[in-house]
Amino acid sequence: MEDMSAVAASDFDRNYELHLKHLKLKGLQPKTIEAYSRAIRRVGDYFDHQIGDLSEADLVDYFTDLRETHSWSSVKLDLYGLKFHYEHVLKKPWVAPGLIKPPRTQRLPDIITVEETERIFLATQVLSYRVFFFTLYSLGLRLGEGLRLTVADIDGARERVHIRDAKGNKDRLVPLPTATHQLLRRFWQRHRNPVLLFPNRHGGLAGARAAKTPLDRGGVQKALRAVVESCGVKKHISPHSLRHAYATHLVEAGVELTEVQDILGHHSILTTVRYTHLTDRSRHHAIDRINALMDRYRLAEGTPR
């Protein structure tokens, strides 16, 4: 039995390495590669590394147990990761089409106000995190986009930033506010890394100049949670919330939706339109229009019979 387990583990490890190679060759984003890799590790642990001939019944058991402890998002990612493994590594057909159909939900994110955003920035004591949080917000960036920023991406003369290899493997240009440009220049003068705008903090300020990797993703997320808690904001806030806040504040300031779409890099304007549901300005505008319409009717006047 031990020999069989050892053989299964060896086969699994070999296929896992091949899985990683195929993920990279398909040009997937690092976050997707990690999710699909995590899926295979988790499935491998569940089935004692013997995942080459799973039946539909096996998959029903696995995904049922997974749903007990994880979100629908995790279930979908494990499904996609395992299907990728079967198609590209095992070269076998998927045995359970239509097995999973997550409920369709559309949740609106918590949006922080301009005042709350400022409180978060001022409450962030670590300089690298304060500058990073403001950069995510003022450029409307996803977490990974901010971490990948380099010195060469900043075009001060044209007042824009080149966002490379974004979602969907697309580049885009976003406006560079003067305040952000000045803040980034002062911050860079502190660490002077020739490539990275946000080098990791493992070696302190002295090590930042020679760092080859950016700030740690988990460290950024943990730092923001601590800051949000310390300044008394009761909303569920993550680094991506700063992007949501930026978009909402732009709409409130009167920036056209098509402009916001381009800045955020949304493929469809329908994705951008949801920010109109999150703004105080749009709600006030709507009630003003509704009142103006209803005021034309005099149904409340006169003597009732």
# chains A, B, ... in the order shown; residues from 1 in each chain; ligands from 1

$ residues_around --residues "A:Ile112" --least-positions-apart "4" --cutoff "12 Å" --atoms "only C-alpha atoms" --output "ChimeraX atom specification"
/A:116-120,137,228,233-249,278-280

$ closest_residue --among "A:Asn193, A:Asp48, A:Gly218, A:Ala96" --to "A:Ala206" --atoms "only C-alpha atoms"
A:Asn193

$ residues_around --residues "A:Leu23" --least-positions-apart "2" --cutoff "9 Å" --atoms "only C-alpha atoms" --output "list of chain:residue names"
A:Leu18, A:His19, A:Leu20, A:Lys21, A:Leu25, A:Lys26, A:Gly27, A:Leu28, A:Gln29, A:Thr32, A:Ile33, A:Tyr36, A:Ser37, A:Phe84

$ closest_residue --among "A:Lys170, A:Arg274, A:Gly219, A:Ala152" --to "A:Pro109" --atoms "only C-alpha atoms"
A:Arg274

$ select_by_dssp --residues "stretch 77-218 of chain A" --states "strand (DSSP E or B)" --output "list in words"
Thr150, Ile154, Asp155, Arg160, Val161, His162, Ile163, Arg164, Asp165, Ala166, Lys170, Asp171, Arg172, Leu173, Val174, Pro175, Leu196, Pro199 and Pro214 of chain A

$ select_by_dssp --residues "stretch 6-194 of chain A" --states "alpha helix (DSSP H)" --output "JSON, numbers by chain"
{"A": [6, 7, 8, 9, 10, 11, 12, 13, 14, 15, 16, 17, 18, 19, 20, 21, 22, 23, 24, 25, 30, 31, 32, 33, 34, 35, 36, 37, 38, 39, 40, 41, 42, 43, 44, 45, 46, 56, 57, 58, 59, 60, 61, 62, 63, 64, 65, 66, 67, 68, 69, 72, 73, 74, 75, 76, 77, 78, 79, 80, 81, 82, 83, 84, 85, 114, 115, 116, 117, 118, 119, 120, 121, 122, 123, 127, 128, 129, 130, 131, 132, 133, 134, 135, 136, 137, 138, 139, 143, 144, 145, 146, 147, 178, 179, 180, 181, 182, 183, 184, 185, 186, 187, 188, 189, 190, 191]}

$ closest_residue --among "A:Glu252, A:Ile269, A:Asp45, A:Pro30" --to "A:Phe12" --atoms "only C-alpha atoms"
A:Asp45

$ residues_around --residues "stretch 74-77 of chain A" --least-positions-apart "2" --cutoff "9 Å" --atoms "only C-alpha atoms" --output "list in words"
Thr32, Ala35, Tyr36, Ala39, Phe63, Leu66, Arg67, His70, Ser71, Trp72, Leu79, Tyr80, Gly81, Leu82, Ile100, Lys101 and Pro102 of chain A

$ residues_around --residues "A:Ala8" --least-positions-apart "3" --cutoff "12 Å" --atoms "only C-alpha atoms" --output "tab-separated table (two decimals) with N, CA and C atoms, in the first residue's frame"
chain	number	residue	atom	x	y	z
A	1	MET	N	0.83	-1.21	0.00
A	1	MET	CA	0.00	0.00	0.00
A	1	MET	C	0.87	1.26	0.00
A	2	GLU	N	1.95	1.20	0.81
A	2	GLU	CA	2.82	2.37	0.86
A	2	GLU	C	3.49	2.61	-0.48
A	3	ASP	N	3.86	1.49	-1.18
A	3	ASP	CA	4.49	1.64	-2.49
A	3	ASP	C	3.51	2.27	-3.48
A	4	MET	N	2.23	1.87	-3.43
A	4	MET	CA	1.24	2.44	-4.32
A	4	MET	C	1.04	3.92	-4.03
A	5	SER	N	1.02	4.27	-2.76
A	5	SER	CA	0.87	5.67	-2.38
A	5	SER	C	2.05	6.49	-2.86
A	11	ASP	N	3.61	10.37	-9.38
A	11	ASP	CA	2.88	10.71	-10.60
A	11	ASP	C	2.20	12.07	-10.47
A	12	PHE	N	1.64	12.29	-9.30
A	12	PHE	CA	0.95	13.56	-9.06
A	12	PHE	C	1.93	14.73	-9.17
A	13	ASP	N	3.09	14.59	-8.52
A	13	ASP	CA	4.09	15.67	-8.55
A	13	ASP	C	4.54	15.97	-9.98
A	14	ARG	N	4.75	14.92	-10.75
A	14	ARG	CA	5.18	15.10	-12.13
A	14	ARG	C	4.10	15.82	-12.95
A	15	ASN	N	2.85	15.40	-12.77
A	15	ASN	CA	1.76	16.04	-13.50
A	15	ASN	C	1.51	17.46	-13.01
A	16	TYR	N	1.74	17.70	-11.73
A	16	TYR	CA	1.56	19.05	-11.18
A	16	TYR	C	2.56	20.02	-11.82
A	44	GLY	N	-5.78	17.02	-5.00
A	44	GLY	CA	-4.81	15.95	-4.76
A	44	GLY	C	-4.80	15.50	-3.31
A	45	ASP	N	-4.87	16.45	-2.40
A	45	ASP	CA	-4.93	16.09	-0.97
A	45	ASP	C	-6.19	15.30	-0.65
A	47	PHE	N	-7.97	13.31	-2.59
A	47	PHE	CA	-8.01	11.96	-3.19
A	47	PHE	C	-6.67	11.23	-3.06
A	48	ASP	N	-5.85	11.62	-2.10
A	48	ASP	CA	-4.56	10.97	-1.88
A	48	ASP	C	-3.73	10.92	-3.16
A	49	HIS	N	-3.74	12.03	-3.88
A	49	HIS	CA	-2.93	12.22	-5.08
A	49	HIS	C	-3.38	11.38	-6.28
A	50	GLN	N	-4.47	10.70	-6.16
A	50	GLN	CA	-4.95	9.86	-7.28
A	50	GLN	C	-6.13	10.55	-7.96
A	51	ILE	N	-5.81	11.45	-8.89
A	51	ILE	CA	-6.85	12.26	-9.51
A	51	ILE	C	-6.97	12.01	-11.01
A	52	GLY	N	-6.29	10.99	-11.51
A	52	GLY	CA	-6.26	10.76	-12.95
A	52	GLY	C	-7.49	10.10	-13.52
A	53	ASP	N	-8.29	9.44	-12.68
A	53	ASP	CA	-9.47	8.72	-13.18
A	53	ASP	C	-10.67	8.97	-12.28

$ decode --residues "stretch 79-121 of chain A" --atoms "C-alpha atoms" --output "short mmCIF file (atom, residue, chain, number, x, y, z; two decimals), in the first residue's frame"
data_model
loop_
_atom_site.label_atom_id
_atom_site.label_comp_id
_atom_site.auth_asym_id
_atom_site.auth_seq_id
_atom_site.Cartn_x
_atom_site.Cartn_y
_atom_site.Cartn_z
CA LEU A 79 -13.73 23.32 -11.13
CA TYR A 80 -11.94 25.39 -13.78
CA GLY A 81 -8.53 24.34 -12.50
CA LEU A 82 -9.41 20.65 -12.54
CA LYS A 83 -10.97 20.86 -16.01
CA PHE A 84 -7.81 22.59 -17.24
CA HIS A 85 -5.75 19.75 -15.75
CA TYR A 86 -7.82 17.09 -17.49
CA GLU A 87 -7.70 18.85 -20.85
CA HIS A 88 -4.06 19.92 -21.01
CA VAL A 89 -2.19 17.52 -18.72
CA LEU A 90 -4.13 14.25 -18.61
CA LYS A 91 -5.55 14.69 -22.14
CA LYS A 92 -8.83 13.16 -21.00
CA PRO A 93 -12.43 14.27 -21.51
CA TRP A 94 -14.24 15.92 -18.61
CA VAL A 95 -16.53 13.32 -17.05
CA ALA A 96 -19.14 15.57 -15.45
CA PRO A 97 -20.37 18.38 -17.72
CA GLY A 98 -23.06 20.49 -16.09
CA LEU A 99 -22.14 19.23 -12.62
CA ILE A 100 -22.00 22.65 -10.99
CA LYS A 101 -24.24 25.65 -11.54
CA PRO A 102 -23.59 28.35 -8.95
CA PRO A 103 -26.47 30.71 -8.18
CA ARG A 104 -26.35 33.98 -10.06
CA THR A 105 -25.85 36.81 -7.62
CA GLN A 106 -24.97 40.46 -8.02
CA ARG A 107 -23.77 42.06 -4.83
CA LEU A 108 -22.89 45.72 -4.63
CA PRO A 109 -19.60 46.40 -2.82
CA ASP A 110 -19.28 48.61 0.22
CA ILE A 111 -18.17 52.06 -0.91
CA ILE A 112 -16.15 54.38 1.28
CA THR A 113 -16.80 58.10 1.12
CA VAL A 114 -14.16 60.70 0.32
CA GLU A 115 -13.94 61.48 4.03
CA GLU A 116 -13.50 57.82 4.97
CA THR A 117 -10.88 57.40 2.26
CA GLU A 118 -8.89 60.31 3.68
CA ARG A 119 -9.15 58.86 7.20
CA ILE A 120 -7.71 55.57 5.95
CA PHE A 121 -4.75 57.27 4.28
#
